[in-house]
Structures are given as C-alpha cells and as structure tokens.
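Trainee: Hey, dropping entry18.cif in here, mmCIF, C-alpha atoms:
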```
data_model
#
loop_
_atom_site.group_PDB
_atom_site.id
_atom_site.type_symbol
_atom_site.label_atom_id
_atom_site.label_comp_id
_atom_site.auth_asym_id
_atom_site.auth_seq_id
_atom_site.Cartn_x
_atom_site.Cartn_y
_atom_site.Cartn_z
ATOM 1 C CA MET T 1 28.877 166.633 133.866
ATOM 2 C CA GLU T 2 25.401 166.012 132.461
ATOM 3 C CA SER T 3 23.456 163.406 134.352
ATOM 4 C CA THR T 4 22.749 161.370 131.205
ATOM 5 C CA THR T 5 26.471 161.178 130.395
ATOM 6 C CA LYS T 6 27.147 160.159 133.953
ATOM 7 C CA GLN T 7 24.460 157.479 133.801
ATOM 8 C CA ILE T 8 25.915 156.042 130.583
ATOM 9 C CA ILE T 9 29.411 155.887 132.081
ATOM 10 C CA LEU T 10 28.261 154.378 135.317
ATOM 11 C CA ALA T 11 26.045 151.881 133.491
ATOM 12 C CA ASN T 12 29.209 150.431 131.943
ATOM 13 C CA TYR T 13 30.980 150.070 135.271
ATOM 14 C CA GLY T 14 28.251 148.696 137.523
ATOM 15 C CA ARG T 15 26.165 150.020 140.372
ATOM 16 C CA LEU T 16 27.549 152.568 142.780
ATOM 17 C CA LYS T 17 29.030 151.689 146.132
ATOM 18 C CA LEU T 18 30.003 154.241 148.721
ATOM 19 C CA ALA T 19 33.684 153.899 149.630
ATOM 20 C CA ARG T 20 34.552 155.786 152.795
ATOM 21 C CA TYR T 21 37.962 156.549 154.230
ATOM 22 C CA LEU T 22 39.097 158.163 157.427
ATOM 23 C CA VAL T 23 41.485 160.897 156.303
ATOM 24 C CA ARG T 24 43.628 162.298 159.112
ATOM 25 C CA SER T 25 46.537 163.933 157.379
ATOM 26 C CA TYR T 26 47.873 165.249 154.096
ATOM 27 C CA ASN T 27 49.511 161.857 153.530
ATOM 28 C CA ASP T 28 46.147 160.106 153.978
ATOM 29 C CA PHE T 29 44.583 162.561 151.531
ATOM 30 C CA ALA T 30 47.311 161.904 148.972
ATOM 31 C CA ASP T 31 47.031 158.112 149.493
ATOM 32 C CA VAL T 32 43.283 158.151 148.971
ATOM 33 C CA CYS T 33 43.554 160.247 145.803
ATOM 34 C CA GLN T 34 46.233 157.955 144.384
ATOM 35 C CA THR T 35 44.385 154.784 145.352
ATOM 36 C CA VAL T 36 41.152 155.827 143.654
ATOM 37 C CA ALA T 37 42.997 157.172 140.601
ATOM 38 C CA ARG T 38 45.041 153.983 140.253
ATOM 39 C CA GLN T 39 41.959 151.786 140.539
ATOM 40 C CA VAL T 40 40.191 153.755 137.822
ATOM 41 C CA LEU T 41 43.264 153.529 135.580
ATOM 42 C CA HIS T 42 43.432 149.765 136.043
ATOM 43 C CA CYS T 43 39.771 149.253 135.257
ATOM 44 C CA ALA T 44 38.895 151.870 132.658
ATOM 45 C CA ASP T 45 39.752 152.793 129.100
ATOM 46 C CA PRO T 46 42.482 155.494 129.438
ATOM 47 C CA GLU T 47 40.400 157.848 127.308
ATOM 48 C CA LYS T 48 37.504 157.513 129.745
ATOM 49 C CA VAL T 49 39.558 158.118 132.893
ATOM 50 C CA PHE T 50 38.630 161.759 133.401
ATOM 51 C CA GLU T 51 35.000 161.121 132.538
ATOM 52 C CA LEU T 52 34.970 158.568 135.323
ATOM 53 C CA PHE T 53 36.807 160.945 137.658
ATOM 54 C CA ASN T 54 34.017 163.442 136.981
ATOM 55 C CA ALA T 55 31.310 160.829 137.470
ATOM 56 C CA ILE T 56 32.552 159.729 140.902
ATOM 57 C CA GLU T 57 30.758 161.930 143.426
ATOM 58 C CA CYS T 58 32.501 162.894 146.661
ATOM 59 C CA LYS T 59 31.134 163.543 150.110
ATOM 60 C CA CYS T 60 33.011 164.777 153.117
ATOM 61 C CA ALA T 61 32.283 165.195 156.824
ATOM 62 C CA LEU T 62 34.468 166.266 159.699
ATOM 63 C CA VAL T 63 34.970 163.818 162.540
ATOM 64 C CA PRO T 64 33.721 165.628 165.648
ATOM 65 C CA ASN T 65 36.191 166.570 168.384
ATOM 66 C CA THR T 66 39.277 166.004 166.267
ATOM 67 C CA LEU T 67 41.749 168.533 164.926
ATOM 68 C CA SER T 68 41.325 167.920 161.227
ATOM 69 C CA SER T 69 40.123 164.380 160.648
ATOM 70 C CA MET T 70 37.412 163.802 158.116
ATOM 71 C CA ILE T 71 35.519 160.994 156.497
ATOM 72 C CA VAL T 72 35.707 161.225 152.719
ATOM 73 C CA GLY T 73 33.261 159.158 150.706
ATOM 74 C CA PHE T 74 33.227 158.310 147.005
ATOM 75 C CA ASN T 75 30.405 156.818 144.985
ATOM 76 C CA VAL T 76 32.499 154.342 143.044
ATOM 77 C CA PRO T 77 31.094 151.991 140.371
ATOM 78 C CA GLU T 78 31.383 148.355 141.395
ATOM 79 C CA LYS T 79 33.675 147.321 138.532
ATOM 80 C CA ILE T 80 36.262 149.840 139.732
ATOM 81 C CA LEU T 81 36.487 147.983 143.040
ATOM 82 C CA ARG T 82 38.052 144.818 141.611
ATOM 83 C CA ARG T 83 41.140 143.338 143.232
ATOM 84 C CA GLN T 84 44.209 144.509 141.332
ATOM 85 C CA GLY T 85 47.288 143.346 143.171
ATOM 86 C CA TYR T 86 49.255 146.088 141.403
ATOM 87 C CA ARG T 87 51.676 143.670 139.800
ATOM 88 C CA THR T 88 51.398 145.585 136.597
ATOM 89 C CA ARG T 89 51.795 149.291 136.120
ATOM 90 C CA PRO T 90 48.540 150.955 135.126
ATOM 91 C CA SER T 91 48.302 153.155 132.083
ATOM 92 C CA ARG T 92 49.658 156.630 132.550
ATOM 93 C CA ILE T 93 47.059 159.203 133.513
ATOM 94 C CA PRO T 94 46.405 161.409 130.491
ATOM 95 C CA GLU T 95 47.304 165.092 130.707
ATOM 96 C CA LEU T 96 44.901 167.048 132.852
ATOM 97 C CA ARG T 97 42.540 169.454 131.170
ATOM 98 C CA VAL T 98 41.545 172.099 133.681
ATOM 99 C CA PRO T 99 39.114 174.932 133.063
ATOM 100 C CA PRO T 100 40.761 178.083 134.546
ATOM 101 C CA THR T 101 37.780 178.610 136.832
ATOM 102 C CA GLN T 102 38.349 175.148 138.283
ATOM 103 C CA ALA T 103 41.991 175.673 139.207
ATOM 104 C CA PRO T 104 42.941 175.179 142.856
ATOM 105 C CA ARG T 105 43.321 178.339 144.933
ATOM 106 C CA TYR T 106 46.267 179.158 147.167
ATOM 107 C CA GLU T 107 46.959 181.666 149.911
ATOM 108 C CA CYS T 108 50.180 182.253 151.734
ATOM 109 C CA ASN T 109 51.344 184.439 154.559
ATOM 110 C CA ASP T 110 54.370 184.466 156.873
ATOM 111 C CA GLU T 111 53.185 181.406 158.793
ATOM 112 C CA ARG T 112 51.237 179.187 156.475
ATOM 113 C CA THR T 113 50.362 178.210 152.932
ATOM 114 C CA THR T 114 46.881 176.970 152.090
ATOM 115 C CA PHE T 115 45.682 175.187 148.982
ATOM 116 C CA SER T 116 41.960 174.832 148.467
ATOM 117 C CA LEU T 117 39.294 173.896 145.972
ATOM 118 C CA LYS T 118 35.544 173.512 145.783
ATOM 119 C CA VAL T 119 34.968 169.788 145.335
ATOM 120 C CA THR T 120 31.967 168.189 143.690
ATOM 121 C CA CYS T 121 33.540 165.037 142.283
ATOM 122 C CA PHE T 122 36.726 163.006 142.387
ATOM 123 C CA PHE T 123 38.176 164.990 139.486
ATOM 124 C CA ASP T 124 38.278 168.091 141.720
ATOM 125 C CA LEU T 125 39.917 166.200 144.547
ATOM 126 C CA TYR T 126 42.499 164.781 142.150
ATOM 127 C CA LEU T 127 43.146 168.255 140.767
ATOM 128 C CA LEU T 128 43.892 169.613 144.233
ATOM 129 C CA HIS T 129 46.146 166.634 144.917
ATOM 130 C CA ARG T 130 48.081 167.162 141.680
ATOM 131 C CA PHE T 131 48.461 170.895 142.306
ATOM 132 C CA ILE T 132 49.888 170.300 145.782
ATOM 133 C CA LEU T 133 52.238 167.657 144.358
ATOM 134 C CA GLU T 134 53.457 170.172 141.782
ATOM 135 C CA ALA T 135 54.047 172.689 144.589
ATOM 136 C CA ILE T 136 55.974 170.076 146.555
ATOM 137 C CA ASN T 137 58.143 169.536 143.486
ATOM 138 C CA LEU T 138 59.021 173.231 143.205
ATOM 139 C CA PRO T 139 62.774 173.756 143.557
ATOM 140 C CA GLY T 140 63.484 175.494 146.855
ATOM 141 C CA GLU T 141 59.877 175.996 147.919
ATOM 142 C CA GLY T 142 59.000 172.318 147.793
ATOM 143 C CA MET T 143 61.333 171.360 150.622
ATOM 144 C CA LYS T 144 59.439 173.622 153.031
ATOM 145 C CA LEU T 145 56.199 171.861 152.138
ATOM 146 C CA ILE T 146 57.770 168.411 152.465
ATOM 147 C CA LYS T 147 59.006 169.283 155.940
ATOM 148 C CA SER T 148 55.513 170.467 156.894
ATOM 149 C CA LYS T 149 53.613 167.501 155.466
ATOM 150 C CA ARG T 150 53.226 165.648 158.753
ATOM 151 C CA THR T 151 51.642 168.607 160.493
ATOM 152 C CA ALA T 152 49.525 169.818 157.579
ATOM 153 C CA ARG T 153 45.886 170.418 158.517
ATOM 154 C CA LEU T 154 42.835 169.589 156.475
ATOM 155 C CA GLY T 155 39.907 171.970 156.574
ATOM 156 C CA LEU T 156 36.347 171.623 155.377
ATOM 157 C CA SER T 157 33.800 174.343 154.711
ATOM 158 C CA ASP T 158 30.619 175.032 152.732
ATOM 159 C CA SER T 159 29.398 171.529 153.503
ATOM 160 C CA ASP T 160 26.342 170.132 155.228
ATOM 161 C CA SER T 161 24.345 166.939 155.040
ATOM 162 C CA THR T 162 22.323 168.140 152.040
ATOM 163 C CA SER T 163 25.009 169.876 149.964
ATOM 164 C CA THR T 164 26.546 168.114 146.994
ATOM 165 C CA SER T 165 29.820 170.007 147.187
ATOM 166 C CA PHE T 166 32.329 171.160 149.761
ATOM 167 C CA LYS T 167 35.434 173.259 149.945
ATOM 168 C CA LEU T 168 38.548 171.380 150.981
ATOM 169 C CA ALA T 169 41.632 173.206 152.221
ATOM 170 C CA VAL T 170 45.065 171.804 152.995
ATOM 171 C CA THR T 171 47.188 174.098 155.146
ATOM 172 C CA PHE T 172 50.926 173.704 155.553
ATOM 173 C CA ALA T 173 52.630 175.497 158.442
ATOM 174 C CA CYS T 174 55.252 177.179 156.302
ATOM 175 C CA LYS T 175 55.668 180.257 154.169
ATOM 176 C CA CYS T 176 55.918 179.735 150.433
ATOM 177 C CA ASP T 177 57.110 182.309 147.973
ATOM 178 C CA HIS T 178 53.986 183.808 146.419
ATOM 179 C CA GLU T 179 55.678 184.426 143.086
ATOM 180 C CA SER T 180 56.665 180.776 142.811
ATOM 181 C CA LEU T 181 53.059 179.734 143.383
ATOM 182 C CA VAL T 182 51.853 182.213 140.750
ATOM 183 C CA GLN T 183 54.311 180.699 138.263
ATOM 184 C CA LEU T 184 53.180 177.218 139.268
ATOM 185 C CA GLU T 185 49.551 178.125 138.700
ATOM 186 C CA THR T 186 50.348 179.600 135.292
ATOM 187 C CA ARG T 187 52.311 176.506 134.304
ATOM 188 C CA PHE T 188 49.646 174.187 135.692
ATOM 189 C CA LEU T 189 46.896 175.878 133.720
ATOM 190 C CA ARG T 190 48.987 176.104 130.541
ATOM 191 C CA GLN T 191 49.810 172.396 130.733
ATOM 192 C CA ALA T 192 46.235 171.626 131.505
ATOM 193 C CA LEU T 193 44.905 173.642 128.620
ATOM 194 C CA THR T 194 47.424 172.738 125.951
ATOM 195 C CA GLY T 195 48.982 169.495 127.123
ATOM 196 C CA ASN T 196 52.450 171.090 126.826
ATOM 197 C CA MET U 1 32.914 143.788 168.625
ATOM 198 C CA ILE U 2 36.582 143.881 167.672
ATOM 199 C CA VAL U 3 38.051 141.112 165.526
ATOM 200 C CA ASP U 4 41.827 141.072 165.129
ATOM 201 C CA ASP U 5 44.303 138.213 165.271
ATOM 202 C CA GLU U 6 46.684 140.230 167.465
ATOM 203 C CA GLU U 7 45.938 139.823 171.153
ATOM 204 C CA GLY U 8 47.669 143.123 171.955
ATOM 205 C CA VAL U 9 45.447 145.088 169.569
ATOM 206 C CA ILE U 10 42.318 143.470 170.996
ATOM 207 C CA SER U 11 43.189 144.167 174.611
ATOM 208 C CA THR U 12 44.226 147.756 173.899
ATOM 209 C CA PHE U 13 41.060 148.564 171.938
ATOM 210 C CA VAL U 14 38.719 146.740 174.310
ATOM 211 C CA ASP U 15 40.234 148.367 177.408
ATOM 212 C CA TYR U 16 40.071 151.816 175.866
ATOM 213 C CA LEU U 17 36.527 151.522 174.495
ATOM 214 C CA ASN U 18 35.210 150.054 177.754
ATOM 215 C CA SER U 19 36.840 152.872 179.717
ATOM 216 C CA ALA U 20 35.173 155.325 177.312
ATOM 217 C CA GLY U 21 31.764 153.930 178.186
ATOM 218 C CA PHE U 22 31.190 151.393 175.428
ATOM 219 C CA GLN U 23 30.624 147.682 175.910
ATOM 220 C CA ALA U 24 33.360 146.186 173.767
ATOM 221 C CA SER U 25 34.315 142.568 173.287
ATOM 222 C CA GLY U 26 37.232 141.184 171.311
ATOM 223 C CA TYR U 27 38.016 138.030 169.354
ATOM 224 C CA THR U 28 41.306 136.841 167.936
ATOM 225 C CA ASP U 29 39.575 133.827 166.352
ATOM 226 C CA ALA U 30 37.444 134.950 163.404
ATOM 227 C CA ASN U 31 35.335 131.772 163.365
ATOM 228 C CA ALA U 32 34.528 132.184 167.054
ATOM 229 C CA ALA U 33 33.640 135.806 166.352
ATOM 230 C CA LEU U 34 31.193 134.741 163.611
ATOM 231 C CA ARG U 35 29.487 132.340 166.028
ATOM 232 C CA ALA U 36 29.280 135.061 168.662
ATOM 233 C CA LEU U 37 27.768 137.446 166.109
ATOM 234 C CA GLU U 38 24.952 134.970 165.542
ATOM 235 C CA GLU U 39 24.205 134.607 169.238
ATOM 236 C CA THR U 40 24.449 138.245 170.273
ATOM 237 C CA PRO U 41 24.633 140.631 167.321
ATOM 238 C CA PRO U 42 26.686 143.719 168.251
ATOM 239 C CA ASN U 43 25.950 147.252 167.073
ATOM 240 C CA LEU U 44 29.272 147.565 165.267
ATOM 241 C CA VAL U 45 32.211 145.408 164.157
ATOM 242 C CA LEU U 46 35.780 146.733 163.994
ATOM 243 C CA LEU U 47 37.510 144.295 161.686
ATOM 244 C CA ASP U 48 41.120 143.591 160.814
ATOM 245 C CA ILE U 49 41.865 142.398 157.270
ATOM 246 C CA MET U 50 44.928 140.186 157.468
ATOM 247 C CA MET U 51 43.965 137.261 159.696
ATOM 248 C CA PRO U 52 44.780 133.529 159.482
ATOM 249 C CA GLU U 53 42.131 131.045 158.292
ATOM 250 C CA LEU U 54 39.504 133.691 157.591
ATOM 251 C CA ASP U 55 40.486 137.137 156.358
ATOM 252 C CA GLY U 56 38.485 140.277 157.004
ATOM 253 C CA TYR U 57 36.953 140.312 153.514
ATOM 254 C CA GLU U 58 35.569 136.790 153.857
ATOM 255 C CA PHE U 59 34.390 137.546 157.383
ATOM 256 C CA CYS U 60 32.489 140.593 156.129
ATOM 257 C CA ARG U 61 31.101 138.679 153.146
ATOM 258 C CA ARG U 62 29.671 136.009 155.459
ATOM 259 C CA MET U 63 28.193 138.681 157.718
ATOM 260 C CA LYS U 64 26.469 140.337 154.768
ATOM 261 C CA LEU U 65 25.005 137.011 153.605
ATOM 262 C CA ASN U 66 23.425 136.328 156.968
ATOM 263 C CA PRO U 67 20.072 138.085 157.542
ATOM 264 C CA ARG U 68 20.830 138.275 161.273
ATOM 265 C CA THR U 69 24.076 140.159 160.783
ATOM 266 C CA GLU U 70 23.825 141.838 157.368
ATOM 267 C CA ARG U 71 22.845 145.233 158.770
ATOM 268 C CA ILE U 72 25.628 145.515 161.328
ATOM 269 C CA PRO U 73 28.074 148.208 160.151
ATOM 270 C CA VAL U 74 31.641 147.038 159.605
ATOM 271 C CA VAL U 75 34.623 149.341 160.001
ATOM 272 C CA PHE U 76 37.798 147.880 158.508
ATOM 273 C CA VAL U 77 40.869 148.764 160.549
ATOM 274 C CA SER U 78 43.996 147.702 158.764
ATOM 275 C CA GLY U 79 47.712 148.224 158.368
ATOM 276 C CA LYS U 80 48.600 149.686 155.002
ATOM 277 C CA ASP U 81 50.525 146.740 153.670
ATOM 278 C CA ARG U 82 48.222 146.384 150.678
ATOM 279 C CA GLU U 83 47.157 149.350 148.641
ATOM 280 C CA ASP U 84 43.910 147.893 147.400
ATOM 281 C CA ASP U 85 42.590 147.084 150.891
ATOM 282 C CA ALA U 86 40.506 150.225 150.960
ATOM 283 C CA MET U 87 38.733 149.478 147.689
ATOM 284 C CA LEU U 88 38.157 145.809 148.455
ATOM 285 C CA SER U 89 36.762 146.554 151.890
ATOM 286 C CA THR U 90 34.101 148.693 150.193
ATOM 287 C CA ARG U 91 33.285 145.946 147.724
ATOM 288 C CA GLU U 92 32.708 143.508 150.568
ATOM 289 C CA GLY U 93 30.324 145.870 152.338
ATOM 290 C CA GLY U 94 32.557 147.790 154.737
ATOM 291 C CA ALA U 95 31.136 151.075 155.955
ATOM 292 C CA LEU U 96 34.502 152.727 156.502
ATOM 293 C CA TYR U 97 38.201 152.042 156.047
ATOM 294 C CA ILE U 98 40.711 153.200 158.654
ATOM 295 C CA SER U 99 44.444 152.664 158.454
ATOM 296 C CA LYS U 100 46.434 151.757 161.549
ATOM 297 C CA PRO U 101 47.625 153.171 163.846
ATOM 298 C CA VAL U 102 44.369 154.704 165.029
ATOM 299 C CA PRO U 103 44.565 157.373 167.747
ATOM 300 C CA PHE U 104 42.142 156.549 170.550
ATOM 301 C CA ASP U 105 40.239 159.835 170.400
ATOM 302 C CA GLU U 106 39.535 159.315 166.711
ATOM 303 C CA LEU U 107 38.536 155.705 167.239
ATOM 304 C CA LYS U 108 36.044 156.809 169.870
ATOM 305 C CA GLU U 109 34.510 159.431 167.576
ATOM 306 C CA VAL U 110 34.256 157.003 164.667
ATOM 307 C CA VAL U 111 32.554 154.442 166.912
ATOM 308 C CA ASN U 112 30.123 157.136 168.062
ATOM 309 C CA LEU U 113 29.326 158.090 164.453
ATOM 310 C CA ALA U 114 28.756 154.455 163.515
ATOM 311 C CA LEU U 115 26.529 153.783 166.517
ATOM 312 C CA GLU U 116 24.485 156.885 165.698
ATOM 313 C CA ASN U 117 24.097 155.704 162.073
ATOM 314 C CA ARG U 118 25.974 158.790 160.903
ATOM 315 C CA LEU U 119 28.658 157.101 158.882
#
```
Represent the supplied structure as structure tokens.
Mentor:
Amino acid sequence: MESTTKQIILANYGRLKLARYLVRSYNDFADVCQTVARQVLHCADPEKVFELFNAIECKCALVPNTLSSMIVGFNVPEKILRRQGYRTRPSRIPELRVPPTQAPRYECNDERTTFSLKVTCFFDLYLLHRFILEAINLPGEGMKLIKSKRTARLGLSDSDSTSTSFKLAVTFACKCDHESLVQLETRFLRQALTGN
Amino acid sequence: MIVDDEEGVISTFVDYLNSAGFQASGYTDANAALRALEETPPNLVLLDIMMPELDGYEFCRRMKLNPRTERIPVVFVSGKDREDDAMLSTREGGALYISKPVPFDELKEVVNLALENRL
C-alpha cells in the first residue's frame, strides 16, 4: 500500500499504538487474528476494512529459549482500540481479494503439514489465518488438523530487528492429502479473485 | 512487581521469579501497590485486569499519568474471559498482553525481555 494512502487512512483513525501479544500456539494465533479483525470491523466502514488491514503493520519476534512462542506486534490506530463489549455482531467481513502471488504456501509430507506466508501487514496474517481455517474445514482432512491444533508449532524466519516483514509458518504434526490442499488453494484464489 | 487479587497467583509467581534470580514482590491490593510504586518504582509491573476496586486498566492509566511511574513497562497477564482485554490493555499503555495460564519458562523469558527493554 502506498504510504500516502496509508497516512490518509490512519489519519482518520487516530495515532498508532503498538499492540503486542504473546502468541504460544495456533489457538493464540487464531485468537489474535480474530480479535484484531473484529475490532476493525466494529470501528471501521466495512468498505475500508481491508485497507485498514493493509495499513496495520506487523512485527514479530521469537521469545528466546521457548519452543515456538513469539511476540506479535501490530501498529493499530487508536480509534480501533475502543471498548466494544461485543454485544452486537460486527458487520460481516467482505470477501477477500487475494493477488495470486500473495496466497499462503503449504507443504506436506508423511509427518507434517506446514502453512506459511510472508507477512508485512495484518492483511497477510489474516490471509494465513483464513487459509488455515479453510483447511480445517476440509471434509476428511480437516479432522486431522483439528486433532493436531494443540501441538501445532509456530515458526518465524526472514526476520530481524530492522526488517519490515517476516515469514510465519504454522506446522501441524499430521499428514494432509496434497491434492485436497491444491483444490483448496484453487478454490481460495478463485473466491478471492471473483467473490464466488 | 506483580499485582493480582488472587493470593495463590501472587505467591506462585513471586516464588518462581525469586528462585529464578529476580527480586519480585506481590500485591493483592491494587491501591497498596500504587503507593508502593511511588515509594520504590520497580523495573516492571505484571498486572492482572479483573480486580476489585481498581481494575488493571485504571491501575495502568494512573501509572501512566504519574511522571515517577509512567516509564515502567506494564505486562498485562489476564484470563481470557473478555475478548477485548488485549486491545484495551494496549490503549491504556500496556507493553504486552499475555493470557493465563502462563508457563513459568515463558514468563521468565518475557520478564527478561522487558527488563532488557527488548519488548
């Protein structure tokens, strides 16, 4: 996203504050993605949701001496941090529009299945979250992933204190059918591109 | 400093952190903790959210309004009974949000990061 566009969006939603979360598991990752997405939906014009997702920068650092814990930070505009209470249902998130080059990657072998994506902003993180959710909803294959959720490992690479992006990987200790994932990717991209 | 209205949480955290080489103190009374902050500012506050009389948000807000305590990093440690805790803790000036239960080894590493200004 162009910096001027980002500045205009952020100017409407207040100054940036760095929200940091300790993310220890796949469930934490999913919770964080849903929390930030829900807050944006509550506070923003539905048509501006993805622009805001793109404007929210992400940072990530591993917690030393832990298996896969990491601190994930988001530069969130102040107006998005209002108390919501969640008594009302937020607007539905519009259909994703995903450039094919931005689609999450997946690898699977006999022991594990890994989903990954290069992340520069919250939109990328949300994309990875949605892709994994779609995989979990796959008939047959999804149950293996659900059973492996508690032991899923998070991995971080291509990140240092000066980089503005990182690669996040979520690895489930189970084998998924490669063909099913190919079909999922095709469907995900088709939905994302056409809204159908 | 650890501020939590549950005595069991305080004693567990304080015992563990002291055995790991830190100098930890705990308060179940948030108002007493605020007074202690004034007298001897700690390097870090681990703060619960749901507490009687003074909740963690208000505690943090008062810390950030006081020039003597405004720079002390605050790590919110909370049960996930409210989904917007994480966002609100940021608004009030929290440096990090952690959901309970917190494994000891991770708590120790987070405390180290905070004390080294690496959060």
Trainee: Please expand the PyMOL selection byres ((chain U and resi 99) around 6) into the concrete residues it hits in this file, giving the result as a list in words.
Mentor: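 For this structure, the PyMOL selection byres ((chain U and resi 99) around 6) captures Val77, Ser78, Gly79, Ile98 and Lys100 of chain U.
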Trainee: Define the interface residues of chain U facing chain T as those within 6 Å, counting only C-alpha atoms, and report them as an mmCIF file with C-alpha atoms, keeping the file's coordinate frame.
Mentor:
```cif
data_model
loop_
_atom_site.group_PDB
_atom_site.id
_atom_site.type_symbol
_atom_site.label_atom_id
_atom_site.label_comp_id
_atom_site.auth_asym_id
_atom_site.auth_seq_id
_atom_site.Cartn_x
_atom_site.Cartn_y
_atom_site.Cartn_z
ATOM 1 C CA MET U 87 38.733 149.478 147.689
ATOM 2 C CA THR U 90 34.101 148.693 150.193
ATOM 3 C CA LEU U 96 34.502 152.727 156.502
ATOM 4 C CA TYR U 97 38.201 152.042 156.047
ATOM 5 C CA ILE U 98 40.711 153.200 158.654
#
```
Trainee: Using all atoms listed in the file, which protein or nucleic acid residues come within 9 Å of range 26-36 of chain U? Drop anything in the same chain fewer than 6 positions from it, and give the result as a PyMOL selection string.
Mentor: chain U and resi 1-7+10-11+13-14+51-56+59+62-63
Trainee: Would you output that residue set with C-alpha atoms, as a PDB file, keeping the file's coordinate frame?
Mentor:
```
ATOM      1  CA  MET U   1      32.914 143.788 168.625  1.00  0.00           C
ATOM      2  CA  ILE U   2      36.582 143.881 167.672  1.00  0.00           C
ATOM      3  CA  VAL U   3      38.051 141.112 165.526  1.00  0.00           C
ATOM      4  CA  ASP U   4      41.827 141.072 165.129  1.00  0.00           C
ATOM      5  CA  ASP U   5      44.303 138.213 165.271  1.00  0.00           C
ATOM      6  CA  GLU U   6      46.684 140.230 167.465  1.00  0.00           C
ATOM      7  CA  GLU U   7      45.938 139.823 171.153  1.00  0.00           C
ATOM      8  CA  ILE U  10      42.318 143.470 170.996  1.00  0.00           C
ATOM      9  CA  SER U  11      43.189 144.167 174.611  1.00  0.00           C
ATOM     10  CA  PHE U  13      41.060 148.564 171.938  1.00  0.00           C
ATOM     11  CA  VAL U  14      38.719 146.740 174.310  1.00  0.00           C
ATOM     12  CA  MET U  51      43.965 137.261 159.696  1.00  0.00           C
ATOM     13  CA  PRO U  52      44.780 133.529 159.482  1.00  0.00           C
ATOM     14  CA  GLU U  53      42.131 131.045 158.292  1.00  0.00           C
ATOM     15  CA  LEU U  54      39.504 133.691 157.591  1.00  0.00           C
ATOM     16  CA  ASP U  55      40.486 137.137 156.358  1.00  0.00           C
ATOM     17  CA  GLY U  56      38.485 140.277 157.004  1.00  0.00           C
ATOM     18  CA  PHE U  59      34.390 137.546 157.383  1.00  0.00           C
ATOM     19  CA  ARG U  62      29.671 136.009 155.459  1.00  0.00           C
ATOM     20  CA  MET U  63      28.193 138.681 157.718  1.00  0.00           C
TER      21      MET U  63
END
```
Trainee: Using Å and a single decimal, report how far CA of Leu138 in chain T sits from CA of Gln183 in chain T.
Mentor: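 Separating CA of Gln183 in chain T from CA of Leu138 in chain T is a distance of 10.1 Å.
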Trainee: Apply the PyMOL selection byres ((chain T and resi 173-176) around 8) to the displayed file and report the matching residues as an MDAnalysis selection string.
Mentor: chainID T and resid 108:113 141 144:145 148 151:152 171:172 177:178 180:181
Trainee: Generate N, CA and C atoms for range 28-39 of chain U and emit them as a CSV table (one decimal), in the frame of the given file.
Mentor:
```
chain,number,residue,atom,x,y,z
U,28,THR,N,40.2,137.1,168.8
U,28,THR,CA,41.3,136.8,167.9
U,28,THR,C,41.0,135.7,166.9
U,29,ASP,N,40.0,134.9,167.2
U,29,ASP,CA,39.6,133.8,166.4
U,29,ASP,C,38.4,134.3,165.5
U,30,ALA,N,38.5,134.4,164.2
U,30,ALA,CA,37.4,135.0,163.4
U,30,ALA,C,36.2,134.0,163.4
U,31,ASN,N,36.5,132.7,163.4
U,31,ASN,CA,35.3,131.8,163.4
U,31,ASN,C,34.5,131.9,164.7
U,32,ALA,N,35.2,132.0,165.8
U,32,ALA,CA,34.5,132.2,167.1
U,32,ALA,C,33.8,133.5,167.1
U,33,ALA,N,34.3,134.5,166.4
U,33,ALA,CA,33.6,135.8,166.4
U,33,ALA,C,32.4,135.7,165.5
U,34,LEU,N,32.4,134.9,164.4
U,34,LEU,CA,31.2,134.7,163.6
U,34,LEU,C,30.1,134.0,164.4
U,35,ARG,N,30.5,133.0,165.2
U,35,ARG,CA,29.5,132.3,166.0
U,35,ARG,C,28.9,133.3,167.1
U,36,ALA,N,29.8,134.1,167.6
U,36,ALA,CA,29.3,135.1,168.7
U,36,ALA,C,28.3,136.1,168.0
U,37,LEU,N,28.6,136.5,166.8
U,37,LEU,CA,27.8,137.4,166.1
U,37,LEU,C,26.3,136.9,166.0
U,38,GLU,N,26.3,135.6,165.7
U,38,GLU,CA,25.0,135.0,165.5
U,38,GLU,C,24.2,135.0,166.8
U,39,GLU,N,24.9,134.7,167.9
U,39,GLU,CA,24.2,134.6,169.2
U,39,GLU,C,23.8,136.0,169.8
```
